[in-house]
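Below is structure17.txt, holding compact mmCIF, C-alpha atoms.
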```txt
# COMPACT_ATOMS: atom_id res chain seq x y z
CA MET H 19 -49.94 -18.18 -202.20
CA ARG H 20 -47.71 -16.52 -199.59
CA VAL H 21 -47.49 -18.02 -196.09
CA PRO H 22 -47.83 -15.27 -193.43
CA GLY H 23 -44.66 -14.74 -191.41
CA LEU H 24 -42.57 -17.00 -193.67
CA GLN H 25 -39.84 -14.41 -193.97
CA VAL H 26 -39.61 -14.13 -190.21
CA ILE H 27 -39.35 -17.90 -189.81
CA LEU H 28 -36.64 -18.11 -192.45
CA PHE H 29 -34.74 -15.30 -190.69
CA LEU H 30 -34.85 -17.06 -187.31
CA LEU H 31 -34.14 -20.53 -188.65
CA PRO H 32 -30.28 -20.24 -188.65
CA ALA H 33 -30.30 -19.45 -184.95
CA VAL H 34 -31.77 -22.85 -184.08
CA LEU H 35 -29.68 -25.00 -186.41
CA PRO H 36 -27.49 -27.63 -184.59
CA GLY H 37 -24.18 -25.86 -185.36
CA ASN H 38 -25.35 -22.53 -183.96
CA ALA H 39 -26.85 -24.23 -180.90
CA ALA H 40 -23.38 -25.58 -180.12
CA GLU H 41 -21.95 -22.09 -180.45
CA ALA H 42 -24.59 -20.72 -178.08
CA GLN H 43 -23.55 -23.27 -175.51
CA GLN H 44 -19.80 -22.68 -175.96
CA ALA H 45 -17.84 -23.13 -172.68
CA PRO H 46 -16.97 -19.80 -171.02
CA ALA H 47 -13.27 -18.91 -170.95
CA VAL H 48 -11.66 -18.54 -167.53
CA VAL H 49 -8.14 -18.08 -166.17
CA VAL H 50 -6.87 -20.56 -163.59
CA VAL H 51 -3.87 -20.75 -161.26
CA PRO H 52 -2.73 -23.88 -159.41
CA ALA H 53 -2.55 -23.83 -155.62
CA LYS H 54 1.14 -23.73 -154.73
CA VAL H 55 3.31 -24.33 -151.69
CA MET H 56 5.45 -21.23 -151.23
CA ASP H 57 7.48 -19.36 -148.62
CA LEU H 58 5.04 -16.85 -147.13
CA ARG H 59 6.48 -15.78 -143.82
CA GLU H 60 4.48 -13.94 -141.20
CA SER H 61 4.87 -10.20 -141.74
CA ALA H 62 3.48 -6.90 -140.50
CA ASP H 63 3.83 -3.21 -141.34
CA PHE H 64 4.08 -0.34 -138.89
CA THR H 65 4.46 3.42 -139.04
CA GLY H 66 7.79 4.51 -137.61
CA ARG H 67 10.13 7.46 -137.36
CA LEU H 68 13.89 7.62 -137.83
CA VAL H 69 15.86 8.81 -134.81
CA ALA H 70 19.53 9.79 -134.81
CA ILE H 71 21.65 7.49 -132.65
CA GLN H 72 23.34 10.57 -131.16
CA LYS H 73 22.27 14.22 -131.27
CA VAL H 74 23.52 16.96 -128.97
CA ASP H 75 23.47 20.73 -128.66
CA ILE H 76 26.95 22.22 -128.72
CA ARG H 77 27.24 24.85 -125.98
CA ALA H 78 29.96 27.07 -124.56
CA ARG H 79 31.06 26.06 -121.05
CA VAL H 80 32.93 29.29 -120.30
CA SER H 81 32.10 32.91 -121.08
CA GLY H 82 33.99 34.95 -123.63
CA PHE H 83 33.97 36.49 -127.07
CA LEU H 84 33.89 34.06 -129.98
CA GLU H 85 37.24 34.19 -131.76
CA SER H 86 36.63 31.80 -134.68
CA ILE H 87 34.22 29.31 -136.27
CA ASN H 88 36.12 26.38 -137.73
CA PHE H 89 33.54 24.41 -139.72
CA SER H 90 31.12 24.71 -142.60
CA GLU H 91 27.45 24.25 -141.82
CA GLY H 92 26.34 20.73 -142.77
CA GLN H 93 29.92 19.46 -142.72
CA LYS H 94 30.83 15.95 -141.60
CA VAL H 95 33.32 16.11 -138.75
CA THR H 96 35.18 13.57 -136.66
CA ALA H 97 35.41 13.40 -132.89
CA GLY H 98 37.82 16.04 -131.55
CA THR H 99 37.43 18.44 -134.50
CA LEU H 100 37.66 22.08 -133.38
CA LEU H 101 34.29 23.75 -133.97
CA TYR H 102 34.54 27.08 -132.10
CA LYS H 103 37.36 29.02 -130.44
CA VAL H 104 36.66 31.40 -127.54
CA GLU H 105 39.22 34.09 -126.62
CA ASP H 106 41.43 32.45 -124.01
CA GLY H 107 43.66 35.29 -122.75
CA THR H 108 41.93 35.64 -119.40
CA TYR H 109 41.91 31.90 -118.78
CA ALA H 110 45.56 31.43 -119.78
CA ALA H 111 46.54 34.27 -117.41
CA ALA H 112 44.62 32.60 -114.57
CA VAL H 113 46.64 29.41 -115.10
CA ARG H 114 49.95 31.29 -115.00
CA GLU H 115 48.93 33.15 -111.84
CA ILE H 116 48.10 29.94 -110.04
CA GLU H 117 51.35 28.36 -111.21
CA GLY H 118 53.16 31.26 -109.49
CA SER H 119 51.17 30.69 -106.31
CA ILE H 120 52.09 27.01 -106.41
CA GLN H 121 55.78 27.81 -106.68
CA ALA H 122 55.50 30.11 -103.63
CA ALA H 123 53.63 27.40 -101.72
CA GLU H 124 56.30 24.84 -102.57
CA ALA H 125 58.97 27.18 -101.23
CA GLN H 126 56.94 27.70 -98.05
CA LEU H 127 56.62 23.93 -97.66
CA ASN H 128 60.38 23.47 -98.04
CA LEU H 129 60.98 26.12 -95.37
CA ALA H 130 58.46 24.49 -93.03
CA VAL H 131 60.15 21.11 -93.48
CA ILE H 132 63.55 22.62 -92.68
CA GLU H 133 62.15 24.28 -89.55
CA ARG H 134 60.47 21.06 -88.44
CA ASP H 135 63.65 19.01 -88.87
CA ARG H 136 65.70 21.62 -86.95
CA SER H 137 63.17 21.59 -84.08
CA VAL H 138 63.33 17.81 -83.90
CA ARG H 139 67.14 17.91 -83.58
CA LEU H 140 66.96 20.57 -80.87
CA LEU H 141 64.41 18.49 -78.98
CA ALA H 142 66.76 15.52 -79.13
CA SER H 143 69.52 17.63 -77.51
CA ASN H 144 67.08 19.04 -74.91
CA THR H 145 67.57 22.59 -76.22
CA ALA H 146 63.98 23.06 -77.56
CA PRO H 147 60.61 22.29 -75.99
CA GLN H 148 58.16 19.75 -77.41
CA SER H 149 55.70 22.54 -78.21
CA GLN H 150 58.15 24.05 -80.70
CA VAL H 151 58.34 20.71 -82.52
CA ASP H 152 54.54 20.41 -82.58
CA ILE H 153 54.18 23.88 -84.06
CA ALA H 154 56.80 23.12 -86.71
CA LYS H 155 55.00 19.92 -87.72
CA ALA H 156 51.69 21.78 -87.97
CA GLN H 157 53.29 24.35 -90.25
CA VAL H 158 54.46 21.56 -92.55
CA GLN H 159 50.92 20.11 -92.70
CA LYS H 160 49.45 23.53 -93.41
CA ALA H 161 51.95 24.13 -96.24
CA GLU H 162 51.12 20.73 -97.74
CA ALA H 163 47.41 21.49 -97.56
CA ASP H 164 47.91 24.85 -99.23
CA LEU H 165 49.81 23.14 -102.02
CA VAL H 166 47.00 20.59 -102.54
CA ARG H 167 44.42 23.38 -102.67
CA LEU H 168 46.43 25.39 -105.19
CA ASN H 169 46.95 22.34 -107.41
CA GLY H 170 43.19 21.83 -107.40
CA THR H 171 42.66 25.45 -108.37
CA LYS H 172 45.20 25.04 -111.16
CA ALA H 173 43.37 21.96 -112.47
CA GLN H 174 40.13 23.96 -112.59
CA ALA H 175 41.84 26.87 -114.33
CA GLU H 176 43.38 24.53 -116.92
CA LEU H 177 39.97 22.95 -117.44
CA ASN H 178 38.40 26.37 -118.05
CA LEU H 179 41.20 27.14 -120.48
CA SER H 180 40.50 23.91 -122.38
CA TYR H 181 36.82 24.87 -122.61
CA THR H 182 37.77 27.82 -124.83
CA ARG H 183 38.30 25.19 -127.56
CA ILE H 184 34.85 23.75 -128.32
CA THR H 185 35.31 20.41 -130.12
CA ALA H 186 33.05 17.71 -131.56
CA PRO H 187 32.37 15.00 -128.95
CA PHE H 188 31.73 12.34 -131.64
CA ASP H 189 31.67 11.83 -135.41
CA GLY H 190 28.67 13.51 -136.97
CA ILE H 191 27.18 16.28 -139.10
CA VAL H 192 27.23 19.87 -137.86
CA GLY H 193 24.05 21.90 -138.15
CA LEU H 194 23.52 25.64 -138.61
CA THR H 195 25.52 27.96 -136.35
CA ALA H 196 23.46 30.25 -134.11
CA VAL H 197 26.28 32.76 -133.48
CA ASN H 198 28.89 34.72 -135.41
CA VAL H 199 32.51 35.59 -134.69
CA GLY H 200 32.69 38.32 -132.07
CA ALA H 201 29.54 37.27 -130.23
CA LEU H 202 29.65 36.95 -126.46
CA VAL H 203 28.96 33.30 -125.62
CA GLY H 204 28.73 31.37 -122.39
CA PRO H 205 26.78 28.72 -120.49
CA GLU H 206 23.65 30.89 -120.53
CA ALA H 207 23.85 31.73 -124.23
CA GLY H 208 22.07 28.59 -125.42
CA ALA H 209 23.09 26.15 -128.13
CA LEU H 210 25.71 27.32 -130.61
CA THR H 211 24.89 24.52 -133.08
CA THR H 212 23.86 20.87 -133.11
CA LEU H 213 25.87 17.76 -133.89
CA THR H 214 24.04 14.71 -135.25
CA ARG H 215 25.33 11.20 -135.79
CA LEU H 216 23.39 9.40 -138.54
CA ASP H 217 25.38 6.19 -138.97
CA PRO H 218 23.92 3.93 -137.77
CA ILE H 219 20.39 5.27 -137.27
CA TYR H 220 17.35 4.05 -135.31
CA ALA H 221 13.80 3.42 -136.52
CA GLU H 222 11.31 3.58 -133.65
CA PHE H 223 7.76 2.26 -134.05
CA SER H 224 4.84 1.25 -131.86
CA VAL H 225 3.26 -2.21 -131.76
CA ALA H 226 -0.23 -2.77 -130.39
CA THR H 227 -0.06 -4.60 -127.07
CA ALA H 228 -2.48 -7.32 -128.24
CA MET H 229 -0.34 -8.03 -131.32
CA PHE H 230 2.83 -8.05 -129.23
CA LEU H 231 1.37 -10.54 -126.73
CA THR H 232 0.09 -12.78 -129.55
CA TYR H 233 3.53 -12.80 -131.13
CA ARG H 234 5.18 -13.69 -127.79
CA GLU H 235 2.73 -16.57 -127.35
CA GLN H 236 3.38 -17.86 -130.88
CA VAL H 237 7.13 -17.79 -130.23
CA ARG H 238 6.61 -19.68 -126.97
CA GLN H 239 4.56 -22.33 -128.78
CA GLY H 240 7.14 -22.62 -131.55
CA LYS H 241 4.75 -21.47 -134.28
CA VAL H 242 7.03 -18.62 -135.37
CA SER H 243 10.69 -17.86 -134.83
CA ALA H 244 11.88 -15.21 -132.40
CA GLY H 245 14.06 -13.57 -135.05
CA ALA H 246 12.72 -11.10 -137.59
CA ASN H 247 13.92 -9.40 -140.76
CA VAL H 248 13.40 -5.65 -140.57
CA GLN H 249 13.23 -3.27 -143.51
CA ILE H 250 11.93 0.24 -144.02
CA ILE H 251 10.05 1.93 -146.86
CA LEU H 252 11.02 5.55 -147.44
CA PRO H 253 8.50 8.38 -148.02
CA ASN H 254 8.97 8.11 -151.81
CA GLY H 255 7.91 4.45 -151.74
CA THR H 256 11.34 2.89 -152.23
CA VAL H 257 12.57 0.08 -150.01
CA TYR H 258 15.82 0.86 -148.18
CA PRO H 259 18.06 -2.11 -149.15
CA PRO H 260 20.04 -2.79 -145.95
CA LYS H 261 18.12 -4.76 -143.35
CA GLY H 262 17.93 -3.66 -139.74
CA THR H 263 18.22 -5.37 -136.37
CA ILE H 264 15.82 -4.98 -133.48
CA ASN H 265 17.88 -3.87 -130.47
CA PHE H 266 15.27 -2.61 -128.03
CA VAL H 267 11.75 -3.50 -126.87
CA SER H 268 10.18 -1.28 -124.21
CA SER H 269 9.50 -2.85 -120.83
CA ASN H 270 6.35 -0.79 -120.34
CA VAL H 271 3.15 -0.07 -122.28
CA SER H 272 2.18 3.45 -123.32
CA GLN H 273 -1.09 4.06 -121.51
CA GLY H 274 -2.24 6.67 -123.99
CA THR H 275 -2.01 4.39 -127.05
CA ASP H 276 -1.79 0.91 -125.47
CA THR H 277 1.31 0.17 -127.52
CA VAL H 278 4.84 -1.12 -126.95
CA THR H 279 7.77 0.87 -128.37
CA VAL H 280 10.20 -1.16 -130.50
CA ARG H 281 13.47 0.10 -131.97
CA ALA H 282 15.53 -1.22 -134.87
CA GLU H 283 19.02 -0.17 -135.95
CA PHE H 284 20.00 0.37 -139.60
CA PRO H 285 23.37 1.05 -141.24
CA ASN H 286 23.44 4.47 -142.91
CA PRO H 287 26.94 5.00 -144.32
CA ASP H 288 25.79 7.32 -147.12
CA GLY H 289 23.55 9.45 -144.90
CA LEU H 290 20.45 8.67 -146.99
CA LEU H 291 18.33 8.21 -143.87
CA LEU H 292 17.67 11.50 -142.06
CA ASP H 293 16.73 12.13 -138.46
CA GLY H 294 12.98 12.57 -137.96
CA THR H 295 11.86 10.98 -141.26
CA LEU H 296 8.48 9.22 -141.19
CA VAL H 297 8.83 5.69 -142.63
CA ARG H 298 7.02 2.37 -142.88
CA VAL H 299 8.69 -0.45 -140.97
CA MET H 300 8.24 -4.00 -142.30
CA LEU H 301 8.78 -6.96 -140.00
CA GLU H 302 9.09 -10.43 -141.49
CA GLN H 303 9.73 -13.76 -139.80
CA SER H 304 13.36 -14.74 -140.36
CA ASP H 305 12.76 -18.49 -140.81
CA LYS H 306 11.15 -19.91 -143.97
CA GLN H 307 7.46 -20.78 -143.67
CA GLU H 308 6.20 -23.11 -146.42
CA VAL H 309 2.40 -22.85 -146.81
CA LEU H 310 -0.25 -23.66 -149.42
CA ALA H 311 -1.51 -20.47 -151.05
CA VAL H 312 -3.63 -19.13 -153.91
CA PRO H 313 -3.94 -15.60 -155.32
CA GLN H 314 -6.23 -13.39 -153.25
CA GLU H 315 -8.50 -12.70 -156.25
CA ALA H 316 -9.36 -16.43 -156.39
CA VAL H 317 -11.01 -16.31 -152.96
CA GLN H 318 -14.70 -15.38 -152.88
CA ARG H 319 -16.94 -14.95 -149.84
CA ASP H 320 -20.58 -15.38 -149.04
CA GLN H 321 -22.64 -15.77 -145.90
CA GLN H 322 -21.12 -19.21 -145.25
CA GLY H 323 -17.55 -17.96 -145.55
CA PRO H 324 -14.70 -18.11 -148.07
CA PHE H 325 -14.69 -20.39 -151.10
CA VAL H 326 -12.87 -20.90 -154.40
CA MET H 327 -14.05 -22.19 -157.76
CA VAL H 328 -11.96 -25.24 -158.66
CA VAL H 329 -11.63 -26.52 -162.23
CA GLY H 330 -11.17 -30.31 -162.26
CA PRO H 331 -9.42 -32.50 -164.86
CA ASP H 332 -12.77 -32.81 -166.71
CA SER H 333 -12.94 -28.99 -167.02
CA LYS H 334 -15.97 -28.89 -164.73
CA VAL H 335 -16.30 -26.21 -162.06
CA GLU H 336 -16.63 -27.12 -158.39
CA LEU H 337 -17.37 -24.75 -155.52
CA ARG H 338 -14.90 -25.57 -152.74
CA ARG H 339 -15.15 -24.22 -149.21
CA VAL H 340 -11.71 -23.28 -147.82
CA ASP H 341 -10.25 -22.06 -144.57
CA ILE H 342 -8.08 -18.95 -145.10
CA SER H 343 -5.67 -18.34 -142.23
CA ARG H 344 -4.19 -15.05 -143.49
CA SER H 345 -3.41 -13.00 -146.58
CA THR H 346 -0.09 -11.41 -147.45
CA ARG H 347 1.72 -10.14 -150.56
CA GLY H 348 -1.32 -10.75 -152.77
CA GLU H 349 -1.64 -14.39 -151.67
CA SER H 350 -4.17 -16.11 -149.39
CA VAL H 351 -2.85 -18.90 -147.17
CA VAL H 352 -5.14 -21.96 -147.32
CA ALA H 353 -5.28 -23.87 -144.04
CA SER H 354 -7.70 -26.54 -145.35
CA GLY H 355 -10.06 -27.38 -148.20
CA LEU H 356 -7.56 -27.40 -151.07
CA LYS H 357 -4.63 -29.49 -152.27
CA GLU H 358 -1.44 -28.48 -153.99
CA GLY H 359 -1.80 -28.37 -157.77
CA GLU H 360 -5.58 -27.93 -157.88
CA ASN H 361 -6.57 -25.17 -160.30
CA VAL H 362 -8.63 -22.26 -158.99
CA ILE H 363 -10.29 -19.60 -161.13
CA THR H 364 -8.79 -16.13 -160.79
CA ASP H 365 -10.45 -14.41 -163.76
CA GLY H 366 -13.94 -15.05 -165.12
CA VAL H 367 -15.42 -16.45 -161.92
CA GLY H 368 -18.53 -14.31 -162.42
CA LYS H 369 -19.34 -16.21 -165.62
CA VAL H 370 -19.44 -19.71 -164.11
CA ARG H 371 -21.44 -21.81 -161.68
CA PRO H 372 -20.78 -25.23 -160.09
CA GLY H 373 -21.02 -28.12 -162.57
CA MET H 374 -20.41 -25.95 -165.63
CA VAL H 375 -17.78 -26.98 -168.18
CA VAL H 376 -15.30 -24.18 -168.85
CA ASP H 377 -12.48 -23.40 -171.21
CA ALA H 378 -9.62 -22.91 -168.72
CA ALA H 379 -6.36 -21.22 -169.58
CA SER H 380 -3.37 -20.93 -167.27
CA ALA H 381 -2.50 -17.45 -166.01
CA THR H 382 1.12 -18.10 -167.03
CA GLY H 383 0.14 -19.06 -170.57
CA GLY H 384 0.89 -22.74 -170.02
```
Show the structure stored in the file as structure tokens.
Amino acid sequence: MRVPGLQVILFLLPAVLPGNAAEAQQAPAVVVVPAKVMDLRESADFTGRLVAIQKVDIRARVSGFLESINFSEGQKVTAGTLLYKVEDGTYAAAVREIEGSIQAAEAQLNLAVIERDRSVRLLASNTAPQSQVDIAKAQVQKAEADLVRLNGTKAQAELNLSYTRITAPFDGIVGLTAVNVGALVGPEAGALTTLTRLDPIYAEFSVATAMFLTYREQVRQGKVSAGANVQIILPNGTVYPPKGTINFVSSNVSQGTDTVTVRAEFPNPDGLLLDGTLVRVMLEQSDKQEVLAVPQEAVQRDQQGPFVMVVGPDSKVELRRVDISRSTRGESVVASGLKEGENVITDGVGKVRPGMVVDAASATGG
């Protein structure tokens, strides 16, 4: 006689055997990482812009036709390099004319001195009146004054002549030229080109006033150091290797953005950093700051706040409430609630609950 449902019972029987029951209750696998003390300094990122340390428009200071252009656009030049040459014939002639006038004035002064001395001798022998001596002395003073005036005019003429040679005021890179040889240039003609100095270069960025004041207070209390390491991230995501130095903090707050302008200086010997580039500026506390930290993915949150799942020596899971002071570089800084060396679950936390026994494996394979 066949027993109804016997085949079904025989089919289900292996699932309830002791060996299979143990498999059904097999401990879930999780990945753990020990809480570690590490150097996690205070840091912050800002949006900044590179600004050339020197940048000027090169202009003509005297009028004339452009005789030559003595540079290649984009060329690096040193201070004093001749950039443009303006025809100088008129200005050189003006200098020579004034030199002739000076020679005539010197001769007139010599004659006035002779006349004065002769009048003084005649006065001593009572053969000339005092008025003649006074007039002679006045003539000497007038000749001296004329000579001073002419020397001043000569200095101005020589200065104008020197302005026909337009030179680089500092080391830098020359931009595009706005004029060609033969063009009439002068003070009203506008900029002929630009000269930019890129080494070193500035990075200017704005810091929220509240953050700036908090930082100042932390420095005053000795919680953080006053010094800071400064680096920039370029638009392509690469970190510029040389570190910068903060050399300016604005003494006023921008009312439009409620921020304080800060400036850092960076070496740029190869000209990799260009004027006007938008960059990210990273500030990091210069002194080491040893803190207890765990990976950010180990920290969970609920209505009561942050917590981590700790795996004890007996492989049991414990829910541990922690106080997280800050997060940086993928790590969460633990102010309280955890000790160094305690293992926290970073992968598989969704499969466990407090009191459960787990099969824990180290994230480093240990």
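Across the model, the gap from atom CA of Glu176 of chain H to atom CA of Ser81 of chain H is 14.7 Å.
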Can you work out which one of H:Leu168, H:Val225, H:Leu231, H:Val329 has the shortest atom-to-atom distance to Glu117 of chain H, counting only C-alpha atoms?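 Closest residue, counting only C-alpha atoms: H:Leu168.
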Residues at most 7 Å from Leu165 of chain H, counting all atoms listed in the file, excluding those fewer than 2 positions away in the same chain, as a PyMOL selection string? chain H and resi 120+123-124+161-163+167-169
Quick check, in Å to one decimal: how far apart do atom CA of Ala226 of chain H and atom CA of Val278 of chain H lie? 6.3 Å
Using all atoms listed in the file, pick whichever of H:Val312, H:Ala353, H:Val376, H:Phe230 has the shortest atom-to-atom distance to Lys334 of chain H. H:Val376
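With distances taken over all atoms listed in the file, H:Val375 is the one residue among H:Ala282, H:Val367, H:Val375, H:Ala97 lying closest to Ser333 of chain H.
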Would you tabulate, counting all atoms listed in the file, all residues of segment 161-260 of chain H that have an atom at most 7 Å from an atom of segment 53-73 of chain H, showing the closest pair of atoms and their distance in Å to one decimal, sorted by chain then ascending number, as a tab-separated table?
```
residue	atom	partner	partner_atom	distance
H:Leu213	CA	H:Lys73	CA	5.7
H:Thr214	CA	H:Lys73	CA	4.4
H:Arg215	CA	H:Gln72	CA	5.1
H:Leu216	CA	H:Ala70	CA	5.4
H:Pro218	CA	H:Ile71	CA	6.6
H:Ile219	CA	H:Ala70	CA	5.2
H:Tyr220	CA	H:Val69	CA	5.0
H:Ala221	CA	H:Leu68	CA	4.4
H:Glu222	CA	H:Gly66	CA	5.4
H:Phe223	CA	H:Gly66	CA	4.2
```
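The gap separating atom CA of Leu301 of chain H from atom CA of Ala246 of chain H is 6.2 Å, in Å to one decimal.
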Up to 7 Å from (22.5, 24.3, -129.6) in the file's coordinates: name the residues, counting only C-alpha atoms, as a VMD selection string. chain H and resid 75 to 77 208 to 212
Selection above as a file: C-alpha atoms, as a PDB file, in the coordinates of the input:
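The resulting part.pdb:
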```
ATOM      1  CA  ASP H  75      23.470  20.730-128.660  1.00  0.00           C
ATOM      2  CA  ILE H  76      26.950  22.220-128.720  1.00  0.00           C
ATOM      3  CA  ARG H  77      27.240  24.850-125.980  1.00  0.00           C
ATOM      4  CA  GLY H 208      22.070  28.590-125.420  1.00  0.00           C
ATOM      5  CA  ALA H 209      23.090  26.150-128.130  1.00  0.00           C
ATOM      6  CA  LEU H 210      25.710  27.320-130.610  1.00  0.00           C
ATOM      7  CA  THR H 211      24.890  24.520-133.080  1.00  0.00           C
ATOM      8  CA  THR H 212      23.860  20.870-133.110  1.00  0.00           C
TER       9      THR H 212
END
```
Need the shell around Thr99 of chain H: protein/DNA/RNA residues with any atom at most 10 Å away, counting only C-alpha atoms. Skip same-chain ones fewer than 6 positions apart. Format as a ChimeraX atom specification? /H:88-89,183-189
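Distance annotation: of H:Met300, H:Ser350, H:Tyr233, H:Val50, the residue with the minimal separation from Gly262 of chain H is H:Met300; atom set is all atoms listed in the file.
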Counting only C-alpha atoms, I want the residues whose atoms come within 12 Å of (30.5, 22.9, -143.3) in the file frame, returned as a list of chain:residue names. H:Ile87, H:Asn88, H:Phe89, H:Ser90, H:Glu91, H:Gly92, H:Gln93, H:Lys94, H:Val95, H:Leu101, H:Gly190, H:Ile191, H:Val192, H:Gly193, H:Leu194, H:Thr195, H:Thr211, H:Leu213
Polymer residues at most 10 Å from Asp365 of chain H, only C-alpha atoms, same-chain spacing of 6 or more positions, as a PyMOL selection string: chain H and resi 47-51+315-316+378-379+381
